[in-house]
Amino acid sequence: MNNSEDIKDKVIDGKSIADRVEKGVKEDVERFKKKYGCAPRLATILVGEHPPSKLYVRLKHWACKRVGIDSMNYKFDENVSEKEILSLIESLNEDDKVNGILVQMPLPPHIDALKVMGSVSPIKDVDGFHPLNMGRLMQGDESWLVPCTPKGVIEALNIYGIDVQGQYAVVVGHSNIVGKPMAAMFLNRNATVSVCHVYTKNLVDYTREADILVVATGVKGLIKKDMIKEDSIVFDVGITWEDGKVYGDVVFDDVVKRARLVSPVPGGVGPLTIAMLLTHTMKAAWKQKEREET
Ligand code: NAD
């Protein structure tokens with residue numbers, strides 16, 4: 001086997017996993033349409049002109065289009081008031097034709113992101129950020145809606161047949177949208193978990209012991225080969241944009257020499273996140289219809 005084949009076997013191909021998930025979602029959308037005579041619908045809310053956020057929202061809408069989910073975007077100027085966003089969410093919560101609501105993060109500082117997350121109806125909360133859904137996750141109940149990015153990591157581990165139980169999982173980054181829910185999902189699967197962040201002393205002492213390492217910091221090239229354990233599994237969630245190019249938190253070419261599996265940026269966790277969003281939109285749509293019928 002030559003070197004490039006060797007590396008290929010170690011790449012967590014998020015794109016091909018996402019393609020597989022999308023195929024299943026497309027069939028699910030067909031079943032939904034046949035039963036209810038309408039397509040499921042996702043509404044997104046985008047505030048400001050942050051180029052990566054605009055791109056992520058566009059990618060989400062393209063993905064919806066590929067599988068047959070209707071989608072609409074509500075775009076606001078950077079200076080929009082919190083009240084206006086909350087009132088839109090209230091009307092989307094009430095709208096029977098809307099099955100999923102996603103508010104693209106980050107929001108400008110004058111808008112309270114936690115308040116916004118808490119205002120989305122838990123049954124339409126396709127990002128899984130509502131305190132009720134987060135609370136369920138913490139209690140070990142993932143049967144409702146959970147955050148898409150960590151769920152994508154779990155999906156990839158399942159597809160690669162990796163049992164998390166008893167493994168040492170280290171999560172670098174403790175955000176509400178990735179780090180914390182990721183740690184909860186590992187705990188729910190009986191891994192031993194450490195969560196590291198910017199104030200962690202001697203980060204390498206943790207990362208070098210990790211059987212599974214998930215890095216979500218937005219610090220380009222934070223993790224190098226000598227910081228990981230031999231044969232470990234590394235997920236790179238981070239995204240840094242520089243001169244129109246995208247970089248991860250992991251020095252892929254270096255780390256891949258020592259790891260068993262590594263997710264690249266781009267093409268790793270990003271497509272998995274979007275695939276999970278599609279499955280969550282369907283989950284929300286079916287649940288709402290079931291609720292209407294009872
Ligand atoms: P965040 O930006 O809210 O916080 C960053 C986290 O990294 C914090 O916990 C901080 O303490 C930690 N951190 C910062 N510098 C560090 C250092 N030097 N050492 C250790 N920890 C450090 O977190 P977020 O919203 O989860 O985003 C993290 C990254 O993941 C960003 O680059 C974001 O764009 C990316 N992201 C990607 C996806 C995807 O789908 N691929 C989804 C969500 C977020």
# chains A, B, ... in the order shown; residues from 1 in each chain; ligands from 1

call {"tool": "residues_near_ligand", "arguments": {"ligand": "ligand 1", "cutoff": "7 Å", "atoms": "only C-alpha atoms and all ligand atoms", "output": "NGL selection string"}}
result
:A and (149 or 172-179 or 196-200 or 203 or 216-219 or 222 or 237-240 or 269-270 or 273)

call {"tool": "residues_around", "arguments": {"residues": "A:Arg20", "least_positions_apart": "5", "cutoff": "12 Å", "atoms": "only C-alpha atoms", "output": "PDB file with N, CA, C and O atoms, in the first residue's frame"}}
result
ATOM      1  N   ASP A  13     -14.580  10.161   6.270  1.00  0.00           N
ATOM      2  CA  ASP A  13     -15.141  10.825   5.090  1.00  0.00           C
ATOM      3  C   ASP A  13     -16.565  11.310   5.400  1.00  0.00           C
ATOM      4  O   ASP A  13     -17.549  10.618   5.126  1.00  0.00           O
ATOM      5  N   GLY A  14     -16.633  12.497   5.976  1.00  0.00           N
ATOM      6  CA  GLY A  14     -17.924  13.055   6.384  1.00  0.00           C
ATOM      7  C   GLY A  14     -18.863  13.227   5.205  1.00  0.00           C
ATOM      8  O   GLY A  14     -20.073  13.036   5.327  1.00  0.00           O
ATOM      9  N   LYS A  15     -18.303  13.541   4.070  1.00  0.00           N
ATOM     10  CA  LYS A  15     -19.127  13.789   2.885  1.00  0.00           C
ATOM     11  C   LYS A  15     -19.853  12.500   2.468  1.00  0.00           C
ATOM     12  O   LYS A  15     -21.044  12.521   2.184  1.00  0.00           O
ATOM     13  N   VAL A  25     -32.897  10.210   4.177  1.00  0.00           N
ATOM     14  CA  VAL A  25     -33.799  11.333   4.466  1.00  0.00           C
ATOM     15  C   VAL A  25     -34.723  11.566   3.261  1.00  0.00           C
ATOM     16  O   VAL A  25     -35.928  11.806   3.419  1.00  0.00           O
ATOM     17  N   LYS A  26     -34.144  11.451   2.081  1.00  0.00           N
ATOM     18  CA  LYS A  26     -34.933  11.679   0.862  1.00  0.00           C
ATOM     19  C   LYS A  26     -36.117  10.707   0.801  1.00  0.00           C
ATOM     20  O   LYS A  26     -37.247  11.095   0.483  1.00  0.00           O
ATOM     21  N   GLU A  27     -35.847   9.458   1.157  1.00  0.00           N
ATOM     22  CA  GLU A  27     -36.929   8.461   1.161  1.00  0.00           C
ATOM     23  C   GLU A  27     -37.963   8.802   2.238  1.00  0.00           C
ATOM     24  O   GLU A  27     -39.169   8.666   2.019  1.00  0.00           O
ATOM     25  N   VAL A  67     -32.923  16.943  -0.769  1.00  0.00           N
ATOM     26  CA  VAL A  67     -33.742  15.851  -0.225  1.00  0.00           C
ATOM     27  C   VAL A  67     -35.240  16.128  -0.318  1.00  0.00           C
ATOM     28  O   VAL A  67     -36.048  15.272   0.037  1.00  0.00           O
ATOM     29  N   GLU A 155     -22.757   9.763  14.982  1.00  0.00           N
ATOM     30  CA  GLU A 155     -23.178   9.029  13.781  1.00  0.00           C
ATOM     31  C   GLU A 155     -21.961   8.420  13.080  1.00  0.00           C
ATOM     32  O   GLU A 155     -21.975   7.245  12.689  1.00  0.00           O
ATOM     33  N   ALA A 156     -20.896   9.214  12.954  1.00  0.00           N
ATOM     34  CA  ALA A 156     -19.683   8.712  12.287  1.00  0.00           C
ATOM     35  C   ALA A 156     -19.086   7.553  13.101  1.00  0.00           C
ATOM     36  O   ALA A 156     -18.688   6.529  12.528  1.00  0.00           O
ATOM     37  N   ILE A 159     -21.069   4.499  12.413  1.00  0.00           N
ATOM     38  CA  ILE A 159     -20.833   3.960  11.067  1.00  0.00           C
ATOM     39  C   ILE A 159     -19.490   3.238  10.990  1.00  0.00           C
ATOM     40  O   ILE A 159     -19.365   2.208  10.332  1.00  0.00           O
ATOM     41  N   PRO A 271     -20.161  18.439   6.763  1.00  0.00           N
ATOM     42  CA  PRO A 271     -21.260  17.741   6.079  1.00  0.00           C
ATOM     43  C   PRO A 271     -22.088  16.866   7.021  1.00  0.00           C
ATOM     44  O   PRO A 271     -23.306  16.739   6.832  1.00  0.00           O
ATOM     45  N   LEU A 272     -21.436  16.313   8.049  1.00  0.00           N
ATOM     46  CA  LEU A 272     -22.194  15.482   9.013  1.00  0.00           C
ATOM     47  C   LEU A 272     -23.209  16.338   9.761  1.00  0.00           C
ATOM     48  O   LEU A 272     -24.342  15.916  10.009  1.00  0.00           O
ATOM     49  N   ALA A 275     -26.144  16.975   7.571  1.00  0.00           N
ATOM     50  CA  ALA A 275     -26.948  15.750   7.419  1.00  0.00           C
ATOM     51  C   ALA A 275     -27.824  15.527   8.657  1.00  0.00           C
ATOM     52  O   ALA A 275     -28.987  15.121   8.547  1.00  0.00           O
ATOM     53  N   MET A 276     -27.252  15.816   9.839  1.00  0.00           N
ATOM     54  CA  MET A 276     -28.038  15.650  11.075  1.00  0.00           C
ATOM     55  C   MET A 276     -29.191  16.649  11.117  1.00  0.00           C
ATOM     56  O   MET A 276     -30.281  16.341  11.581  1.00  0.00           O
ATOM     57  N   THR A 279     -32.011  15.161   9.222  1.00  0.00           N
ATOM     58  CA  THR A 279     -32.719  14.090   9.951  1.00  0.00           C
ATOM     59  C   THR A 279     -33.559  14.693  11.087  1.00  0.00           C
ATOM     60  O   THR A 279     -34.674  14.240  11.347  1.00  0.00           O
TER      61      THR A 279
END

call {"tool": "closest_residue", "arguments": {"among": "A:Ile12, A:Met138, A:Met227, A:Ala191", "to": "A:Tyr206", "atoms": "only C-alpha atoms"}}
result
A:Met227

call {"tool": "residues_around", "arguments": {"residues": "A:Cys38", "least_positions_apart": "4", "cutoff": "10 Å", "atoms": "only C-alpha atoms", "output": "PyMOL selection string"}}
result
chain A and resi 29-30+32-34+69-70+97

call {"tool": "select_by_dssp", "arguments": {"residues": "stretch 164-269 of chain A", "states": "strand (DSSP E or B)", "output": "PyMOL selection string"}}
result
chain A and resi 168-172+192-196+212-215+223+233-236+240-242+245-247+250+261-262

call {"tool": "write_last_selection", "arguments": {"atoms": "N, CA and C atoms", "output": "compact mmCIF listing (two decimals), in the first residue's frame"}}
result
# COMPACT_ATOMS: atom_id res chain seq x y z
N TYR A 168 -11.66 6.54 26.71
CA TYR A 168 -11.40 7.87 27.28
C TYR A 168 -11.62 8.90 26.16
N ALA A 169 -12.66 9.71 26.31
CA ALA A 169 -13.00 10.73 25.30
C ALA A 169 -12.63 12.10 25.85
N VAL A 170 -11.88 12.85 25.07
CA VAL A 170 -11.51 14.20 25.49
C VAL A 170 -12.12 15.19 24.50
N VAL A 171 -12.83 16.18 25.03
CA VAL A 171 -13.46 17.21 24.21
C VAL A 171 -12.72 18.51 24.50
N VAL A 172 -12.18 19.13 23.47
CA VAL A 172 -11.51 20.43 23.66
C VAL A 172 -12.45 21.51 23.14
N THR A 192 -15.44 7.58 29.49
CA THR A 192 -14.89 8.43 30.55
C THR A 192 -14.51 9.73 29.86
N VAL A 193 -14.97 10.86 30.41
CA VAL A 193 -14.89 12.10 29.63
C VAL A 193 -14.12 13.21 30.35
N SER A 194 -13.27 13.90 29.62
CA SER A 194 -12.69 15.16 30.11
C SER A 194 -13.07 16.26 29.13
N VAL A 195 -13.42 17.41 29.67
CA VAL A 195 -13.70 18.57 28.83
C VAL A 195 -12.62 19.62 29.10
N CYS A 196 -11.90 20.01 28.06
CA CYS A 196 -10.83 21.00 28.20
C CYS A 196 -11.26 22.30 27.52
N ILE A 212 -10.49 8.90 22.06
CA ILE A 212 -11.28 9.68 21.09
C ILE A 212 -11.11 11.15 21.46
N LEU A 213 -10.70 11.94 20.50
CA LEU A 213 -10.45 13.36 20.76
C LEU A 213 -11.34 14.19 19.83
N VAL A 214 -12.12 15.08 20.42
CA VAL A 214 -12.96 15.98 19.61
C VAL A 214 -12.48 17.41 19.89
N VAL A 215 -12.09 18.12 18.86
CA VAL A 215 -11.52 19.45 19.06
C VAL A 215 -12.44 20.49 18.41
N ILE A 223 -3.89 21.35 17.40
CA ILE A 223 -3.52 19.98 17.74
C ILE A 223 -2.53 19.41 16.72
N ILE A 233 -8.67 8.29 17.68
CA ILE A 233 -9.65 8.77 16.70
C ILE A 233 -9.85 10.25 16.96
N VAL A 234 -9.67 11.06 15.92
CA VAL A 234 -9.65 12.52 16.12
C VAL A 234 -10.72 13.17 15.24
N PHE A 235 -11.60 13.93 15.87
CA PHE A 235 -12.60 14.71 15.12
C PHE A 235 -12.24 16.18 15.22
N ASP A 236 -12.10 16.79 14.08
CA ASP A 236 -11.77 18.22 14.01
C ASP A 236 -13.03 19.01 13.66
N THR A 240 -11.58 27.78 10.73
CA THR A 240 -11.01 29.13 10.67
C THR A 240 -10.91 29.51 9.20
N TRP A 241 -11.42 30.70 8.88
CA TRP A 241 -11.35 31.21 7.50
C TRP A 241 -10.16 32.15 7.39
N GLU A 242 -9.34 31.91 6.40
CA GLU A 242 -8.19 32.80 6.17
C GLU A 242 -8.00 32.94 4.67
N LYS A 245 -9.78 30.61 2.47
CA LYS A 245 -9.56 29.17 2.66
C LYS A 245 -9.98 28.77 4.07
N VAL A 246 -10.34 27.50 4.20
CA VAL A 246 -10.83 27.06 5.50
C VAL A 246 -9.82 26.09 6.15
N TYR A 247 -9.59 26.29 7.46
CA TYR A 247 -8.63 25.45 8.20
C TYR A 247 -9.30 24.90 9.45
N VAL A 250 -6.92 21.03 13.80
CA VAL A 250 -5.97 19.92 13.82
C VAL A 250 -5.05 20.04 12.60
N LEU A 261 -7.92 7.25 12.90
CA LEU A 261 -8.89 7.93 12.04
C LEU A 261 -8.87 9.42 12.35
N VAL A 262 -8.98 10.26 11.34
CA VAL A 262 -9.06 11.71 11.55
C VAL A 262 -10.09 12.29 10.59

call {"tool": "closest_residue", "arguments": {"among": "A:Gly68, A:Pro122, A:Ser232, A:Val47", "to": "A:Glu84", "atoms": "only C-alpha atoms"}}
result
A:Val47

call {"tool": "select_by_dssp", "arguments": {"residues": "stretch 15-259 of chain A", "states": "alpha helix (DSSP H)", "output": "MDAnalysis selection string"}}
result
chainID A and resid 15:36 51:67 82:94 113:119 131:138 148:159 179:188 203:207 252:255

call {"tool": "residues_around", "arguments": {"residues": "A:Lys224", "least_positions_apart": "5", "cutoff": "7 Å", "atoms": "only C-alpha atoms", "output": "PDB file with all heavy atoms, in the first residue's frame"}}
result
ATOM      1  N   VAL A 250      -6.922  21.032  13.805  1.00  0.00           N
ATOM      2  CA  VAL A 250      -5.966  19.919  13.824  1.00  0.00           C
ATOM      3  C   VAL A 250      -5.051  20.037  12.601  1.00  0.00           C
ATOM      4  O   VAL A 250      -5.528  20.321  11.498  1.00  0.00           O
ATOM      5  CB  VAL A 250      -6.758  18.581  13.773  1.00  0.00           C
ATOM      6  CG1 VAL A 250      -5.826  17.388  13.598  1.00  0.00           C
ATOM      7  CG2 VAL A 250      -7.612  18.416  15.030  1.00  0.00           C
ATOM      8  N   VAL A 251      -3.759  19.818  12.821  1.00  0.00           N
ATOM      9  CA  VAL A 251      -2.830  19.811  11.674  1.00  0.00           C
ATOM     10  C   VAL A 251      -2.956  18.427  11.031  1.00  0.00           C
ATOM     11  O   VAL A 251      -2.277  17.463  11.414  1.00  0.00           O
ATOM     12  CB  VAL A 251      -1.382  20.107  12.123  1.00  0.00           C
ATOM     13  CG1 VAL A 251      -0.459  20.195  10.912  1.00  0.00           C
ATOM     14  CG2 VAL A 251      -1.329  21.399  12.930  1.00  0.00           C
ATOM     15  N   ASP A 254      -0.078  16.089   9.690  1.00  0.00           N
ATOM     16  CA  ASP A 254       0.798  15.650  10.760  1.00  0.00           C
ATOM     17  C   ASP A 254       0.086  14.576  11.611  1.00  0.00           C
ATOM     18  O   ASP A 254       0.588  13.459  11.791  1.00  0.00           O
ATOM     19  CB  ASP A 254       1.097  16.920  11.599  1.00  0.00           C
ATOM     20  CG  ASP A 254       2.237  16.758  12.563  1.00  0.00           C
ATOM     21  OD1 ASP A 254       3.150  15.966  12.267  1.00  0.00           O
ATOM     22  OD2 ASP A 254       2.216  17.435  13.610  1.00  0.00           O
ATOM     23  N   VAL A 255      -1.095  14.912  12.060  1.00  0.00           N
ATOM     24  CA  VAL A 255      -1.851  14.055  12.977  1.00  0.00           C
ATOM     25  C   VAL A 255      -2.220  12.714  12.328  1.00  0.00           C
ATOM     26  O   VAL A 255      -2.224  11.661  12.977  1.00  0.00           O
ATOM     27  CB  VAL A 255      -3.103  14.818  13.488  1.00  0.00           C
ATOM     28  CG1 VAL A 255      -4.122  13.892  14.115  1.00  0.00           C
ATOM     29  CG2 VAL A 255      -2.680  15.901  14.486  1.00  0.00           C
TER      30      VAL A 255
END

call {"tool": "closest_residue", "arguments": {"among": "A:Lys225, A:Lys10, A:Lys54, A:Lys151", "to": "A:Val103", "atoms": "only C-alpha atoms"}}
result
A:Lys54

call {"tool": "atom_distance", "arguments": {"atom1": "atom CA of A:Leu42", "atom2": "atom CA of A:Asn79"}}
result
24.1 Å

call {"tool": "residues_around", "arguments": {"residues": "A:Leu86", "least_positions_apart": "4", "cutoff": "12 Å", "atoms": "only C-alpha atoms", "output": "PDB file with N, CA, C and O atoms, in the first residue's frame"}}
result
ATOM      1  N   ILE A  45     -33.053  31.549  10.263  1.00  0.00           N
ATOM      2  CA  ILE A  45     -32.968  32.985  10.549  1.00  0.00           C
ATOM      3  C   ILE A  45     -31.494  33.370  10.543  1.00  0.00           C
ATOM      4  O   ILE A  45     -30.681  32.756  11.248  1.00  0.00           O
ATOM      5  N   VAL A  80     -30.819  44.543  13.735  1.00  0.00           N
ATOM      6  CA  VAL A  80     -32.192  44.144  14.072  1.00  0.00           C
ATOM      7  C   VAL A  80     -32.325  44.008  15.603  1.00  0.00           C
ATOM      8  O   VAL A  80     -31.371  43.612  16.284  1.00  0.00           O
ATOM      9  N   SER A  81     -33.524  44.328  16.090  1.00  0.00           N
ATOM     10  CA  SER A  81     -33.687  44.246  17.554  1.00  0.00           C
ATOM     11  C   SER A  81     -33.982  42.798  17.958  1.00  0.00           C
ATOM     12  O   SER A  81     -34.512  42.006  17.170  1.00  0.00           O
ATOM     13  N   GLU A  82     -33.674  42.516  19.216  1.00  0.00           N
ATOM     14  CA  GLU A  82     -33.965  41.180  19.771  1.00  0.00           C
ATOM     15  C   GLU A  82     -35.472  40.910  19.699  1.00  0.00           C
ATOM     16  O   GLU A  82     -35.907  39.809  19.375  1.00  0.00           O
ATOM     17  N   GLU A  90     -41.837  33.582  17.394  1.00  0.00           N
ATOM     18  CA  GLU A  90     -43.170  33.293  17.928  1.00  0.00           C
ATOM     19  C   GLU A  90     -44.139  32.948  16.792  1.00  0.00           C
ATOM     20  O   GLU A  90     -44.906  31.985  16.891  1.00  0.00           O
ATOM     21  N   SER A  91     -44.054  33.710  15.701  1.00  0.00           N
ATOM     22  CA  SER A  91     -44.998  33.418  14.612  1.00  0.00           C
ATOM     23  C   SER A  91     -44.630  32.114  13.899  1.00  0.00           C
ATOM     24  O   SER A  91     -45.521  31.369  13.475  1.00  0.00           O
ATOM     25  N   LEU A  92     -43.334  31.805  13.814  1.00  0.00           N
ATOM     26  CA  LEU A  92     -42.942  30.522  13.202  1.00  0.00           C
ATOM     27  C   LEU A  92     -43.345  29.345  14.101  1.00  0.00           C
ATOM     28  O   LEU A  92     -43.732  28.275  13.608  1.00  0.00           O
ATOM     29  N   ASN A  93     -43.272  29.559  15.406  1.00  0.00           N
ATOM     30  CA  ASN A  93     -43.712  28.513  16.350  1.00  0.00           C
ATOM     31  C   ASN A  93     -45.188  28.166  16.118  1.00  0.00           C
ATOM     32  O   ASN A  93     -45.601  27.012  16.225  1.00  0.00           O
ATOM     33  N   VAL A 103     -31.862  29.107  14.119  1.00  0.00           N
ATOM     34  CA  VAL A 103     -31.292  30.460  14.177  1.00  0.00           C
ATOM     35  C   VAL A 103     -29.786  30.307  14.017  1.00  0.00           C
ATOM     36  O   VAL A 103     -29.138  29.659  14.847  1.00  0.00           O
ATOM     37  N   ILE A 111     -28.003  40.860  20.990  1.00  0.00           N
ATOM     38  CA  ILE A 111     -29.115  39.893  21.059  1.00  0.00           C
ATOM     39  C   ILE A 111     -28.700  38.753  21.990  1.00  0.00           C
ATOM     40  O   ILE A 111     -27.616  38.175  21.841  1.00  0.00           O
ATOM     41  N   ASP A 112     -29.567  38.441  22.932  1.00  0.00           N
ATOM     42  CA  ASP A 112     -29.270  37.410  23.928  1.00  0.00           C
ATOM     43  C   ASP A 112     -29.512  36.025  23.292  1.00  0.00           C
ATOM     44  O   ASP A 112     -30.654  35.596  23.114  1.00  0.00           O
ATOM     45  N   ALA A 113     -28.403  35.352  22.960  1.00  0.00           N
ATOM     46  CA  ALA A 113     -28.509  34.074  22.232  1.00  0.00           C
ATOM     47  C   ALA A 113     -29.269  33.027  23.047  1.00  0.00           C
ATOM     48  O   ALA A 113     -30.071  32.256  22.497  1.00  0.00           O
ATOM     49  N   LEU A 114     -29.057  33.021  24.373  1.00  0.00           N
ATOM     50  CA  LEU A 114     -29.743  32.019  25.204  1.00  0.00           C
ATOM     51  C   LEU A 114     -31.260  32.247  25.198  1.00  0.00           C
ATOM     52  O   LEU A 114     -32.044  31.310  25.149  1.00  0.00           O
ATOM     53  N   LYS A 115     -31.620  33.524  25.229  1.00  0.00           N
ATOM     54  CA  LYS A 115     -33.055  33.875  25.197  1.00  0.00           C
ATOM     55  C   LYS A 115     -33.667  33.411  23.866  1.00  0.00           C
ATOM     56  O   LYS A 115     -34.770  32.859  23.829  1.00  0.00           O
ATOM     57  N   VAL A 116     -32.917  33.651  22.788  1.00  0.00           N
ATOM     58  CA  VAL A 116     -33.403  33.256  21.457  1.00  0.00           C
ATOM     59  C   VAL A 116     -33.527  31.726  21.381  1.00  0.00           C
ATOM     60  O   VAL A 116     -34.546  31.188  20.940  1.00  0.00           O
ATOM     61  N   MET A 117     -32.510  31.029  21.853  1.00  0.00           N
ATOM     62  CA  MET A 117     -32.550  29.553  21.826  1.00  0.00           C
ATOM     63  C   MET A 117     -33.763  29.036  22.610  1.00  0.00           C
ATOM     64  O   MET A 117     -34.410  28.071  22.218  1.00  0.00           O
ATOM     65  N   GLY A 118     -34.029  29.706  23.731  1.00  0.00           N
ATOM     66  CA  GLY A 118     -35.135  29.267  24.600  1.00  0.00           C
ATOM     67  C   GLY A 118     -36.502  29.644  24.064  1.00  0.00           C
ATOM     68  O   GLY A 118     -37.523  29.188  24.582  1.00  0.00           O
ATOM     69  N   SER A 119     -36.541  30.476  23.014  1.00  0.00           N
ATOM     70  CA  SER A 119     -37.850  30.914  22.501  1.00  0.00           C
ATOM     71  C   SER A 119     -38.370  30.017  21.377  1.00  0.00           C
ATOM     72  O   SER A 119     -39.546  30.071  21.018  1.00  0.00           O
ATOM     73  N   VAL A 120     -37.488  29.187  20.823  1.00  0.00           N
ATOM     74  CA  VAL A 120     -37.924  28.274  19.752  1.00  0.00           C
ATOM     75  C   VAL A 120     -38.719  27.134  20.395  1.00  0.00           C
ATOM     76  O   VAL A 120     -38.278  26.558  21.399  1.00  0.00           O
ATOM     77  N   SER A 121     -39.863  26.816  19.816  1.00  0.00           N
ATOM     78  CA  SER A 121     -40.654  25.716  20.363  1.00  0.00           C
ATOM     79  C   SER A 121     -39.793  24.451  20.417  1.00  0.00           C
ATOM     80  O   SER A 121     -39.171  24.083  19.420  1.00  0.00           O
TER      81      SER A 121
END

call {"tool": "residues_around", "arguments": {"residues": "A:Met134", "least_positions_apart": "2", "cutoff": "10 Å", "atoms": "only C-alpha atoms", "output": "list in words"}}
result
Pro122, Gly128, Phe129, His130, Pro131, Leu132, Arg136, Leu137, Met138, Gln139, Gly140, Asp141, Glu142, Trp144, Leu145, Val146, Pro147, Asn176, Ile177, Lys180, Pro181 and Ala184 of chain A

call {"tool": "residues_around", "arguments": {"residues": "A:Arg189", "least_positions_apart": "6", "cutoff": "9 Å", "atoms": "only C-alpha atoms", "output": "ChimeraX atom specification"}}
result
/A:140,163-166

call {"tool": "atom_distance", "arguments": {"atom1": "atom CA of A:Leu102", "atom2": "atom CA of A:Ser71"}}
result
10.7 Å

call {"tool": "closest_residue", "arguments": {"among": "A:Ile228, A:Leu187, A:Ala63, A:Met105", "to": "A:Asp205", "atoms": "only C-alpha atoms"}}
result
A:Ile228
